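For reference, the structure discussed in these notes is given below.
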2 protein chains.
Amino acid sequence: MEYGRNVAIDYEPRLGRIPIRHLSPRQPENLWPAKAYRGEVVPFEATAFREGHDELGVRLLITDPAGTERVHRMRPVAPGTDRWRADVQVDLEGTWTWRVRAFKDEWATWHHNAAIKIPAGLDVPLMLQIARGLLERAPQRAVVKQALAALDAGLTPAEVWRILDDPKLDEAIAIRPIASLTTDSEPTPLRVERQRAGVGSWYEFFPRSEGAKLARNGTWTSGTFRTAAKRLPAVAAMGFDVLYLPPIHPIGASGRKGPNNTLTVGPHDPGSPWAIGSAAGGHDAIHPDLGGVKDFTYFLAQAAKVGLEVAIDFALQASPDHPWVTEHPEWFTTLPDGSIAFAENPPKKYQDIYPINFDNDPEGIREEVLRLLRYWIGLGVKIFRVDNPHTKPLQFWEIVLHEINTEFPEVVFLAEAFTRPAMLHGLAQVGFQQSYTYFTWRNTKEELAEFFAGLAHETAAFLRPNLFVNTPDILTEFLQFGGPPAYRIRAALAATASPTWGVYAGYELFEDVARPGSEENIDNEKYEYKQRDWAGAEKEGRTLAPYLQRLNLIRAAHPALRQLRNLDVHWSDDESILVYTKYLAAPYTGTGKDDALIIVANVDPHSVRETLVHIDLTRIGLEPDARFIAHDLISGAQFDWGRDNYVRLDAFGEPVHILHVQAGKGS
Amino acid sequence: MEYGRNVAIDYEPRLGRIPIRHLSPRQPENLWPAKAYRGEVVPFEATAFREGHDELGVRLLITDPAGTERVHRMRPVAPGTDRWRADVQVDLEGTWTWRVRAFKDEWATWHHNAAIKIPAGLDVPLMLQIARGLLERAPQRAVVKQALAALDAGLTPAEVWRILDDPKLDEAIAIRPIASLTTDSEPTPLRVERQRAGVGSWYEFFPRSEGAKLARNGTWTSGTFRTAAKRLPAVAAMGFDVLYLPPIHPIGASGRKGPNNTLTVGPHDPGSPWAIGSAAGGHDAIHPDLGGVKDFTYFLAQAAKVGLEVAIDFALQASPDHPWVTEHPEWFTTLPDGSIAFAENPPKKYQDIYPINFDNDPEGIREEVLRLLRYWIGLGVKIFRVDNPHTKPLQFWEIVLHEINTEFPEVVFLAEAFTRPAMLHGLAQVGFQQSYTYFTWRNTKEELAEFFAGLAHETAAFLRPNLFVNTPDILTEFLQFGGPPAYRIRAALAATASPTWGVYAGYELFEDVARPGSEENIDNEKYEYKQRDWAGAEKEGRTLAPYLQRLNLIRAAHPALRQLRNLDVHWSDDESILVYTKYLAAPYTGTGKDDALIIVANVDPHSVRETLVHIDLTRIGLEPDARFIAHDLISGAQFDWGRDNYVRLDAFGEPVHILHVQAGKGS
């Protein structure tokens with residue numbers, strides 16, 4: 001034979017000696033780092049496999065932003081999948097870097113083979129000879145030394161085997177495993193943002209309504225930042241921690257909309273806050289009715305005092321009266337007839353708004369936007385709720401968010417991305433910290449189960465949902481026709497299924513009358529002032545505020561509810577009883593104890609339902625057939641529960657159980 | 001306001017002006033080019049979307065290996081998905097390059113808006129003014145000139161609109177669309193291999209059995225390449241086009257296995273062909289009993305004469321008598337006791353085989369393997385069936401296949417990858433042209449539906465199934481206990497669901513007796529000679545050969561069966577009636593006509609089933625409620641069919657319909 005022919009191989013293989021593939025979390029297409037927020041427990045996974053029967057060892061090597069590398073043992077996810085996983089709670093903000101190391105685990109391979117061969121009397125001297133060689137290479141801990149000594153003690157093979165077949169010996173060696181064929185994956189970044197990027201209870205109000213006064217002659221006096229600040233303690237008392245304000249800028253007069261979005265506008269109609277810009281200024285100005293910069297910063301300070309962070313709206317569009325229109329007509333679209341195009345979605349026309357044209361002067365508009373954001377950040381705003389981001393180029397957001405978050409990593413952007421999935425996901429992927437979602441239109445058990453599972457397990461590497469139950473633009477049919485039970489159901493779902501949820505003012509009062517044929521409140525606050533009788537409602541018990549407070553207290557007390565990826569859907573025998581769990585294991589709760597919640601919701605607001613629910617208890621850290629006390633954090637009731645349980649949920653009473661699992665107390 | 005602050009933006013966005021993402025076909029993780037074979041109709045897809053309401057134009061720009069670029073219009077896949085698709089039949093071997101171009105389609109945008117506005121009398125002069133500007137930029141074809149003339153003809157808006165609202169005008173402009181914001185995706189390669197890489201009917205026989213003779217004294221004379229060549233016309237007559245031979249090399253004597261894999265071997269037992277190597281030579285030698293190199297090349301030539309291409313086995317392992325063992329002990333594993341490790345999967349031992357150690361001298365073993373492959377390629381072998389590739393490092397195959405296919409792009413490797421999905425897929429991804437799959441263990445309607453759909457739609461960018469119905473290692477329980485109906489069912493499924501299928505000799509004779517407790521034939525040909533009475537079986541009608549011939553004739557006549565990605569699963573009301581279609585549209589069939597087949601199989605070999613089947617006729621190029629003649633290519637029967645149809649399938653008669661759709665002939 002003719003060996004050793006020289007072959008010039010210049011191909012660089014894509015694979016290492018041991019294939020390590022499909023790292024997770026990663027973004028689809030791996031264009032930007034996957035995301036997490038501080039405190040999140042992130043499941044790190046990879047597919048690692050090799051030829052033959054040897055045992056693999058797999059480790060996660062993860063370096064935090066301070067430069068400290070930690071090593072975590074990865075464990076098999078399920079037989080036959082070659083998938084490995086380690087959970088890590090990311091406790092520092094900034095960019096983490098991780099990679100996966102796989103190797104032939106020499107001791108585990110020996111142990112696997114020895115367990116078959118030695119008891120069967122096969123190759124015993126050889127197997128013990130191999131054991132000795134390996135143990136000599138292992139860290140010389142006591143248990144290893146004992147094992148080595150046993151090999152020389154003249155014992156029978158059965159006696160030696162009893163000493164070598166010891167999980168404690170395996171563990172001691174696994175600390176510094178005897179490895180060969182060691183292969184590392186590419187390093188992969190993970191961007192960890194502040195906790196507020198993923199966790200929060202949001203409340204939205206119009207500052208001009210809070211303290212607005214209707215005179216006897218029918219004219220209004222606008223609320224101001226000073227009057228609106230008086231409402232802050234009540235919002236905080238409900239347990240909210242973010243207050244979101246619709247645009248606070250001067251409102252144009254040209255094309256101004258009247259009540260209920262009509263074209264006939266009275267002299268005192270305030271106009272839509274989203275028609276930004278007048279002679280009083282544009283996106284860097286404050287509406288004179290609300291006050292000045294000092295009033296705004298006073299408002300921010302008052303909010304901070306009661307634990308509320310303020311989010312402002314960032315709506316990139318202009319009223320025809322915006323200073324940009326004369327100073328930068330190139331930022332708009334001029335039609336062949338010389339006019340500037342207003343917004344339209346034929347045949348609908350929005351005469352009070354000029355959309356920005358991002359293509360005539362992309363650098364100019366981008367610099368202006370960066371200037372504006374820096375201005376508000378300078379005043380203390382760290383959260384922006386971005387209006388209709390899907391009507392602006394995705395590449396524009398990619399650049400703007402990259403710039404701002406590089407300079408100000410603490411700034412959070414919420415995308416009002418009510419559009420198709422490709423754009424909704426794209427906005428989250430390029431950097432939006434949070435997204436509005438399709439939640440408001442997911443109502444049935446089946447829809448909600450698929451939706452919640454998707455949020456927790458399919459898109460969590462890049463998309464963080466903010467489950468608003470209503471907005472000034474969205475009063476769903478479910479709320480319009482579901483009565484108070486619908487309001488309880490939707491709030492309980494939003495507050496427990498996602499670490500971030502939100503409520504627009506008036507939800508507490510069950511405001512459920514829509515403009516006919518629309519999905520918006522009648523007499524919409526977008527076009528007029530609204531005075532709400534908070535005190536009267538409280539006095540007469542016509543308010544959901546205590547329920548919202550209860551939900552937020554539960555969220556504050558249960559760290560499992562502040563995680564995104566820990567939701568699992570379970571089963572019921574009823575088509576309207578939705579069951580899911582949120583679970584956080586003891587090492588991550590800060591209390592030393594597991595935190596497990598079972599949410600059982602009757603999602604039909606018109607019925608009483610009785611059925612059985614079935615729970616895979618292994619998903620909440622219990623044995624499959626465990627018994628436990630389920631303590632309802634809503635009603636205070638306690639149930640003796642297990643895998644299969646009877647429930648009765650009366651939509652007209654308490655439609656939702658939020659059950660805290662008190663393990664070990666069951667029968 | 002303070003405009004124009006200079007911001008130094010050095011961030012290079014990952015997105016273009018119009019996002020173009022998730023290109024398909026690509027391999028998972030995009031590590032190697034996606035694959036196709038000559039003649040395959042490849043669906044090219046991408047997700048392209050933009051902000052706002054303007055109409056997108058999307059094009060596929062594809063360059064063939066000869067350097068010719070062609071442009072194909074991509075069309076929306078389904079509303080709301082932002083997914084675009086164009087099908088292209090790849091008709092040249094080599095590397096193709098493709099990219100996706102997206103742009104604002106100015107005319108389509110105008111047309112969309114005009115269709116709403118002009119009939120409603122909104123902005124008519126402006127809309128016509130815009131139209132003029134666009135038409136002046138369009139290719140000046142007759143229909144465009146007519147439209148321009150109409151704008152000047154003093155017509156009423158309604159009359160002008162009738163002329164402008166013309167699909168012919170749209171089509172004329174779309175040839176060279178009026179585009180803005182034009183964005184191209186990254187170029188993406190597609191590796192197109194020869195048709196045999198994806199399409200073939202395989203037959204396996206042991207050449208030593210073909211012409212083997214049993215003397216009266218009980219000793220055998222081996223068949224030779226000369227005697228085996230006499231069987232080739234019969235194999236070709238059944239319609240097969242690839243003949244696969246188990247290893248043809250010298251067989252070791254040490255540890256040789258006797259009949260039924262026993263350790264007691266008689267002096268005349270021939271041994272397993274997979275125990276390669278003896279004093280007569282190793283992987284580059286031919287077993288002396290079969291003949292010499294000239295006999296082998298004679299065999300290849302005889303095969304070619306009847307249209308059969310020969311595949312040989314490539315099994316990287318050695319008998320203890322292989323020349324490598326003394327010349328290259330470093331290519332094996334030496335144990336601490338000085339012995340060379342034979343193959344084992346404790347407690348099983350394979351004393352006749354030494355596995356290769358790929359890590360002591362990776363370059364040396366790789367060069368030897370390349371030398372061997374080049375040797376056999378030099379003799380005219382262009383197909384290798386690789387034994388147990390999953391017991392060798394995946395990186396080894398990545399490099400070896402890259403080298404061989406760069407030098408010899410026509411060479412086809414079939415992976416006997418009976419292992420877990422990660423490795424099975426990995427082998428296909430690094431370059432194996434074909435793979436054995438889990439087909440033999442997918443028996444129920446539900447299992448088969450999921451399996452076939454997966455092959456066609458999930459893994460087709462890298463994995464081409466070779467659906468062998470049986471092998472010397474696999475005689476499934478379905479075949480052992482299903483009788484002749486099982487043999488018909490499995491052959492019909494394999495021959496129609498995949499463009500490549502295979503049969504191991506003896507299947508025609510319904511050989512269905514297994515070694516007790518195993519999934520292999522008793523008296524397995526791996527360990528002994530086997531004389532089969534082909535003539536007697538034919539004479540007495542005890543053979544499936546005519547059925548196999550019929551299947552291969554149908555495959556030859558129907559180009560839809562030679563495609564991988566065109567399978568769709570449909571529905572029946574019976575749990576054992578599986579329904580799927582294979583469809584190829586007229587532009588790709590070479591006949592000028594659509595080719596549509598409906599396969600309806602009773603996958604329960606023990607029953608007669610009557611039920612309704614339901615077909616989405618749009619998947620085979622028909623209207624949803626079309627009627628047609630369904631011509632059964634097995635039985636010759638004709639049925640008047642539509643969307644919902646009655647079937648009766650008697651497993652003991654003909655368990656499978658292979659229906660050719662003769663459109664337009666129905667009632």
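Numbering starts fresh at 1 for the residues of each chain in the structure tokens, the chains themselves are lettered A, B, ... in the order given, and ligands are numbered from 1 as they appear.
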(request) Pick out the residues sitting within 7 Å of A:Thr611, and hand them over as an NGL selection string; count only C-alpha atoms, and ignore anything fewer than 2 positions along from it in its own chain. (result) :A and (572-574 or 609 or 613 or 646-648)
Any chance you can output those residues with all heavy atoms as a PDB file, in the first residue's frame?
```pdb
ATOM      1  N   SER A 572     -56.840  21.776  31.656  1.00  0.00           N
ATOM      2  CA  SER A 572     -58.106  21.609  32.367  1.00  0.00           C
ATOM      3  C   SER A 572     -59.064  20.881  31.435  1.00  0.00           C
ATOM      4  O   SER A 572     -58.835  20.832  30.231  1.00  0.00           O
ATOM      5  CB  SER A 572     -58.702  22.964  32.774  1.00  0.00           C
ATOM      6  OG  SER A 572     -59.446  23.510  31.693  1.00  0.00           O
ATOM      7  N   ASP A 573     -60.139  20.344  32.005  1.00  0.00           N
ATOM      8  CA  ASP A 573     -61.119  19.641  31.180  1.00  0.00           C
ATOM      9  C   ASP A 573     -62.191  20.586  30.653  1.00  0.00           C
ATOM     10  O   ASP A 573     -63.140  20.132  30.008  1.00  0.00           O
ATOM     11  CB  ASP A 573     -61.786  18.520  32.005  1.00  0.00           C
ATOM     12  CG  ASP A 573     -60.763  17.494  32.480  1.00  0.00           C
ATOM     13  OD1 ASP A 573     -59.669  17.444  31.885  1.00  0.00           O
ATOM     14  OD2 ASP A 573     -61.067  16.752  33.429  1.00  0.00           O
ATOM     15  N   ASP A 574     -62.043  21.879  30.915  1.00  0.00           N
ATOM     16  CA  ASP A 574     -63.059  22.849  30.488  1.00  0.00           C
ATOM     17  C   ASP A 574     -62.456  23.775  29.437  1.00  0.00           C
ATOM     18  O   ASP A 574     -61.313  24.218  29.565  1.00  0.00           O
ATOM     19  CB  ASP A 574     -63.528  23.659  31.706  1.00  0.00           C
ATOM     20  CG  ASP A 574     -64.640  24.629  31.356  1.00  0.00           C
ATOM     21  OD1 ASP A 574     -64.338  25.692  30.766  1.00  0.00           O
ATOM     22  OD2 ASP A 574     -65.801  24.317  31.652  1.00  0.00           O
ATOM     23  N   ARG A 609     -67.915  28.075  36.085  1.00  0.00           N
ATOM     24  CA  ARG A 609     -67.336  26.847  35.513  1.00  0.00           C
ATOM     25  C   ARG A 609     -66.859  25.936  36.637  1.00  0.00           C
ATOM     26  O   ARG A 609     -66.210  26.396  37.589  1.00  0.00           O
ATOM     27  CB  ARG A 609     -66.148  27.180  34.615  1.00  0.00           C
ATOM     28  CG  ARG A 609     -66.481  28.129  33.491  1.00  0.00           C
ATOM     29  CD  ARG A 609     -66.742  27.387  32.207  1.00  0.00           C
ATOM     30  NE  ARG A 609     -67.199  28.295  31.158  1.00  0.00           N
ATOM     31  CZ  ARG A 609     -67.373  27.912  29.893  1.00  0.00           C
ATOM     32  NH1 ARG A 609     -67.141  26.667  29.518  1.00  0.00           N
ATOM     33  NH2 ARG A 609     -67.813  28.774  28.992  1.00  0.00           N
ATOM     34  N   VAL A 613     -58.595  20.411  36.933  1.00  0.00           N
ATOM     35  CA  VAL A 613     -57.353  20.924  36.333  1.00  0.00           C
ATOM     36  C   VAL A 613     -56.239  19.930  36.643  1.00  0.00           C
ATOM     37  O   VAL A 613     -56.258  19.265  37.685  1.00  0.00           O
ATOM     38  CB  VAL A 613     -56.992  22.327  36.855  1.00  0.00           C
ATOM     39  CG1 VAL A 613     -58.085  23.314  36.513  1.00  0.00           C
ATOM     40  CG2 VAL A 613     -56.737  22.321  38.361  1.00  0.00           C
ATOM     41  N   TYR A 646     -60.128  19.660  41.590  1.00  0.00           N
ATOM     42  CA  TYR A 646     -61.420  20.251  41.246  1.00  0.00           C
ATOM     43  C   TYR A 646     -61.345  21.756  41.441  1.00  0.00           C
ATOM     44  O   TYR A 646     -60.779  22.238  42.426  1.00  0.00           O
ATOM     45  CB  TYR A 646     -62.493  19.652  42.158  1.00  0.00           C
ATOM     46  CG  TYR A 646     -63.792  20.431  42.159  1.00  0.00           C
ATOM     47  CD1 TYR A 646     -64.764  20.220  41.178  1.00  0.00           C
ATOM     48  CD2 TYR A 646     -64.039  21.378  43.161  1.00  0.00           C
ATOM     49  CE1 TYR A 646     -65.940  20.940  41.184  1.00  0.00           C
ATOM     50  CE2 TYR A 646     -65.221  22.105  43.171  1.00  0.00           C
ATOM     51  CZ  TYR A 646     -66.166  21.885  42.178  1.00  0.00           C
ATOM     52  OH  TYR A 646     -67.329  22.598  42.186  1.00  0.00           O
ATOM     53  N   VAL A 647     -61.896  22.506  40.492  1.00  0.00           N
ATOM     54  CA  VAL A 647     -62.039  23.951  40.697  1.00  0.00           C
ATOM     55  C   VAL A 647     -63.455  24.386  40.319  1.00  0.00           C
ATOM     56  O   VAL A 647     -64.110  23.776  39.469  1.00  0.00           O
ATOM     57  CB  VAL A 647     -61.042  24.799  39.854  1.00  0.00           C
ATOM     58  CG1 VAL A 647     -59.605  24.565  40.278  1.00  0.00           C
ATOM     59  CG2 VAL A 647     -61.221  24.553  38.373  1.00  0.00           C
ATOM     60  N   ARG A 648     -63.886  25.432  40.946  1.00  0.00           N
ATOM     61  CA  ARG A 648     -65.147  26.084  40.591  1.00  0.00           C
ATOM     62  C   ARG A 648     -64.843  27.575  40.534  1.00  0.00           C
ATOM     63  O   ARG A 648     -64.411  28.158  41.533  1.00  0.00           O
ATOM     64  CB  ARG A 648     -66.216  25.805  41.644  1.00  0.00           C
ATOM     65  CG  ARG A 648     -67.557  26.442  41.318  1.00  0.00           C
ATOM     66  CD  ARG A 648     -68.597  26.112  42.397  1.00  0.00           C
ATOM     67  NE  ARG A 648     -69.929  26.547  41.984  1.00  0.00           N
ATOM     68  CZ  ARG A 648     -70.380  27.794  42.076  1.00  0.00           C
ATOM     69  NH1 ARG A 648     -69.610  28.740  42.587  1.00  0.00           N
ATOM     70  NH2 ARG A 648     -71.614  28.100  41.672  1.00  0.00           N
TER      71      ARG A 648
END
```
Per-residue nearest contacts chain B to chain A, cut-off 8 Å, using only C-alpha atoms, as JSON lines:
```
{"residue": "B:Tyr3", "atom": "CA", "partner": "A:Glu368", "partner_atom": "CA", "distance": 6.3}
{"residue": "B:Gly4", "atom": "CA", "partner": "A:Gly364", "partner_atom": "CA", "distance": 6.6}
{"residue": "B:Arg5", "atom": "CA", "partner": "A:Glu367", "partner_atom": "CA", "distance": 6.7}
{"residue": "B:Asn6", "atom": "CA", "partner": "A:Glu367", "partner_atom": "CA", "distance": 7.1}
{"residue": "B:Val7", "atom": "CA", "partner": "A:Glu367", "partner_atom": "CA", "distance": 6.4}
{"residue": "B:Ile9", "atom": "CA", "partner": "A:Glu403", "partner_atom": "CA", "distance": 7.6}
{"residue": "B:Tyr11", "atom": "CA", "partner": "A:Ile399", "partner_atom": "CA", "distance": 7.0}
{"residue": "B:Pro13", "atom": "CA", "partner": "A:Ile399", "partner_atom": "CA", "distance": 6.4}
{"residue": "B:Arg14", "atom": "CA", "partner": "A:Leu31", "partner_atom": "CA", "distance": 6.6}
{"residue": "B:Leu15", "atom": "CA", "partner": "A:Gln395", "partner_atom": "CA", "distance": 5.7}
{"residue": "B:Gly16", "atom": "CA", "partner": "A:Gln395", "partner_atom": "CA", "distance": 6.5}
{"residue": "B:Arg17", "atom": "CA", "partner": "A:Gln395", "partner_atom": "CA", "distance": 6.0}
{"residue": "B:Ile18", "atom": "CA", "partner": "A:Pro393", "partner_atom": "CA", "distance": 7.6}
{"residue": "B:Pro19", "atom": "CA", "partner": "A:Leu394", "partner_atom": "CA", "distance": 7.3}
{"residue": "B:His22", "atom": "CA", "partner": "A:Glu29", "partner_atom": "CA", "distance": 7.2}
{"residue": "B:Glu29", "atom": "CA", "partner": "A:His22", "partner_atom": "CA", "distance": 7.3}
{"residue": "B:Leu31", "atom": "CA", "partner": "A:Arg14", "partner_atom": "CA", "distance": 6.6}
{"residue": "B:Thr47", "atom": "CA", "partner": "A:Ala422", "partner_atom": "CA", "distance": 7.5}
{"residue": "B:Phe49", "atom": "CA", "partner": "A:Met423", "partner_atom": "CA", "distance": 7.2}
{"residue": "B:Arg50", "atom": "CA", "partner": "A:Pro393", "partner_atom": "CA", "distance": 6.8}
{"residue": "B:Glu51", "atom": "CA", "partner": "A:Thr391", "partner_atom": "CA", "distance": 4.4}
{"residue": "B:Gly52", "atom": "CA", "partner": "A:Thr391", "partner_atom": "CA", "distance": 4.6}
{"residue": "B:His53", "atom": "CA", "partner": "A:Asn345", "partner_atom": "CA", "distance": 7.2}
{"residue": "B:Gly80", "atom": "CA", "partner": "A:Arg420", "partner_atom": "CA", "distance": 6.0}
{"residue": "B:Thr81", "atom": "CA", "partner": "A:Ala422", "partner_atom": "CA", "distance": 7.1}
{"residue": "B:Asp82", "atom": "CA", "partner": "A:Ala422", "partner_atom": "CA", "distance": 6.7}
{"residue": "B:Asn113", "atom": "CA", "partner": "A:Pro346", "partner_atom": "CA", "distance": 6.4}
{"residue": "B:Ile116", "atom": "CA", "partner": "A:Pro347", "partner_atom": "CA", "distance": 6.4}
{"residue": "B:Lys117", "atom": "CA", "partner": "A:Pro347", "partner_atom": "CA", "distance": 6.6}
{"residue": "B:Leu126", "atom": "CA", "partner": "A:Asp337", "partner_atom": "CA", "distance": 6.7}
{"residue": "B:Gln129", "atom": "CA", "partner": "A:Pro336", "partner_atom": "CA", "distance": 7.2}
{"residue": "B:Ile130", "atom": "CA", "partner": "A:Pro336", "partner_atom": "CA", "distance": 6.9}
{"residue": "B:Pro336", "atom": "CA", "partner": "A:Ile130", "partner_atom": "CA", "distance": 6.9}
{"residue": "B:Asp337", "atom": "CA", "partner": "A:Leu126", "partner_atom": "CA", "distance": 6.7}
{"residue": "B:Asn345", "atom": "CA", "partner": "A:His53", "partner_atom": "CA", "distance": 7.3}
{"residue": "B:Pro346", "atom": "CA", "partner": "A:Asn113", "partner_atom": "CA", "distance": 6.4}
{"residue": "B:Pro347", "atom": "CA", "partner": "A:Ile116", "partner_atom": "CA", "distance": 6.4}
{"residue": "B:Gly364", "atom": "CA", "partner": "A:Gly4", "partner_atom": "CA", "distance": 6.7}
{"residue": "B:Glu367", "atom": "CA", "partner": "A:Val7", "partner_atom": "CA", "distance": 6.4}
{"residue": "B:Glu368", "atom": "CA", "partner": "A:Tyr3", "partner_atom": "CA", "distance": 6.3}
{"residue": "B:Arg371", "atom": "CA", "partner": "A:Arg5", "partner_atom": "CA", "distance": 7.5}
{"residue": "B:His390", "atom": "CA", "partner": "A:Glu51", "partner_atom": "CA", "distance": 5.2}
{"residue": "B:Thr391", "atom": "CA", "partner": "A:Glu51", "partner_atom": "CA", "distance": 4.4}
{"residue": "B:Lys392", "atom": "CA", "partner": "A:Glu51", "partner_atom": "CA", "distance": 5.4}
{"residue": "B:Pro393", "atom": "CA", "partner": "A:Glu51", "partner_atom": "CA", "distance": 5.6}
{"residue": "B:Leu394", "atom": "CA", "partner": "A:Glu51", "partner_atom": "CA", "distance": 7.2}
{"residue": "B:Gln395", "atom": "CA", "partner": "A:Leu15", "partner_atom": "CA", "distance": 5.8}
{"residue": "B:Glu398", "atom": "CA", "partner": "A:Pro13", "partner_atom": "CA", "distance": 6.7}
{"residue": "B:Ile399", "atom": "CA", "partner": "A:Pro13", "partner_atom": "CA", "distance": 6.4}
{"residue": "B:His402", "atom": "CA", "partner": "A:Tyr11", "partner_atom": "CA", "distance": 7.7}
{"residue": "B:Glu403", "atom": "CA", "partner": "A:Ile9", "partner_atom": "CA", "distance": 7.5}
{"residue": "B:Arg420", "atom": "CA", "partner": "A:Gly80", "partner_atom": "CA", "distance": 6.0}
{"residue": "B:Pro421", "atom": "CA", "partner": "A:Thr81", "partner_atom": "CA", "distance": 7.2}
{"residue": "B:Ala422", "atom": "CA", "partner": "A:Asp82", "partner_atom": "CA", "distance": 6.7}
{"residue": "B:Met423", "atom": "CA", "partner": "A:Phe49", "partner_atom": "CA", "distance": 7.2}
```
(message) Can you tell me which residues surround A:Val513 at a distance of at most 7 Å, considering only C-alpha atoms, apart from same-chain residues fewer than 4 positions away, and format the answer as a PyMOL selection string?
(response) chain A and resi 480+521-522
Writing out the chosen residues with all heavy atoms as an mmCIF file, in the first residue's frame:
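That gives us result_34.cif:
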```cif
data_model
loop_
_atom_site.group_PDB
_atom_site.id
_atom_site.type_symbol
_atom_site.label_atom_id
_atom_site.label_comp_id
_atom_site.auth_asym_id
_atom_site.auth_seq_id
_atom_site.Cartn_x
_atom_site.Cartn_y
_atom_site.Cartn_z
ATOM 1 N N GLN A 480 -65.740 45.618 26.359
ATOM 2 C CA GLN A 480 -67.003 46.327 26.116
ATOM 3 C C GLN A 480 -68.211 45.513 26.576
ATOM 4 O O GLN A 480 -69.190 46.060 27.067
ATOM 5 C CB GLN A 480 -67.171 46.621 24.617
ATOM 6 C CG GLN A 480 -66.221 47.668 24.054
ATOM 7 C CD GLN A 480 -66.430 47.866 22.553
ATOM 8 O OE1 GLN A 480 -67.573 47.857 22.067
ATOM 9 N NE2 GLN A 480 -65.346 48.033 21.817
ATOM 10 N N ASN A 521 -62.775 53.981 23.513
ATOM 11 C CA ASN A 521 -63.773 54.601 24.379
ATOM 12 C C ASN A 521 -64.506 55.725 23.660
ATOM 13 O O ASN A 521 -63.915 56.449 22.869
ATOM 14 C CB ASN A 521 -63.091 55.235 25.603
ATOM 15 C CG ASN A 521 -62.539 54.192 26.542
ATOM 16 O OD1 ASN A 521 -61.394 53.788 26.400
ATOM 17 N ND2 ASN A 521 -63.358 53.745 27.479
ATOM 18 N N ILE A 522 -65.771 55.856 23.976
ATOM 19 C CA ILE A 522 -66.509 57.031 23.507
ATOM 20 C C ILE A 522 -65.993 58.254 24.275
ATOM 21 O O ILE A 522 -65.462 58.122 25.380
ATOM 22 C CB ILE A 522 -68.037 56.835 23.699
ATOM 23 C CG1 ILE A 522 -68.794 57.815 22.827
ATOM 24 C CG2 ILE A 522 -68.435 56.921 25.172
ATOM 25 C CD1 ILE A 522 -70.222 57.416 22.572
#
```
(request) Find the residues near stretch 551-560 of chain B: any atom within 7 Å, counting only C-alpha atoms, skip ones fewer than 4 places away on the same chain, and give them as a PyMOL selection string. (result) chain B and resi 239-240+492+495+547+582-584+589+595-596
Could you save those same residues with N, CA and C atoms as a CSV table (one decimal), in the first residue's frame?
```csv
chain,number,residue,atom,x,y,z
B,239,GLY,N,-36.3,-2.0,-12.8
B,239,GLY,CA,-36.4,-0.5,-12.9
B,239,GLY,C,-35.4,0.1,-11.9
B,240,PHE,N,-34.5,-0.6,-11.3
B,240,PHE,CA,-33.6,0.0,-10.4
B,240,PHE,C,-32.5,0.7,-11.2
B,492,ALA,N,-44.5,0.9,-1.8
B,492,ALA,CA,-45.3,2.0,-2.5
B,492,ALA,C,-45.0,3.3,-1.8
B,495,ALA,N,-41.3,4.4,-2.6
B,495,ALA,CA,-41.1,4.8,-4.0
B,495,ALA,C,-41.8,6.1,-4.4
B,547,TYR,N,-44.4,-5.9,-9.0
B,547,TYR,CA,-44.9,-4.7,-8.3
B,547,TYR,C,-43.8,-3.6,-8.2
B,582,LYS,N,-48.1,14.5,-4.6
B,582,LYS,CA,-46.8,15.0,-5.2
B,582,LYS,C,-47.2,15.8,-6.4
B,583,TYR,N,-46.8,17.0,-6.5
B,583,TYR,CA,-47.2,17.9,-7.6
B,583,TYR,C,-46.1,18.6,-8.2
B,584,LEU,N,-46.0,18.7,-9.5
B,584,LEU,CA,-45.0,19.5,-10.3
B,584,LEU,C,-45.8,20.2,-11.3
B,589,THR,N,-42.1,20.2,-15.8
B,589,THR,CA,-42.2,18.8,-16.0
B,589,THR,C,-41.6,18.3,-17.3
B,595,ASP,N,-48.0,17.7,-13.5
B,595,ASP,CA,-47.9,16.3,-13.1
B,595,ASP,C,-48.4,16.2,-11.6
B,596,ALA,N,-49.5,15.6,-11.4
B,596,ALA,CA,-50.1,15.5,-10.1
B,596,ALA,C,-50.4,14.1,-9.7
```
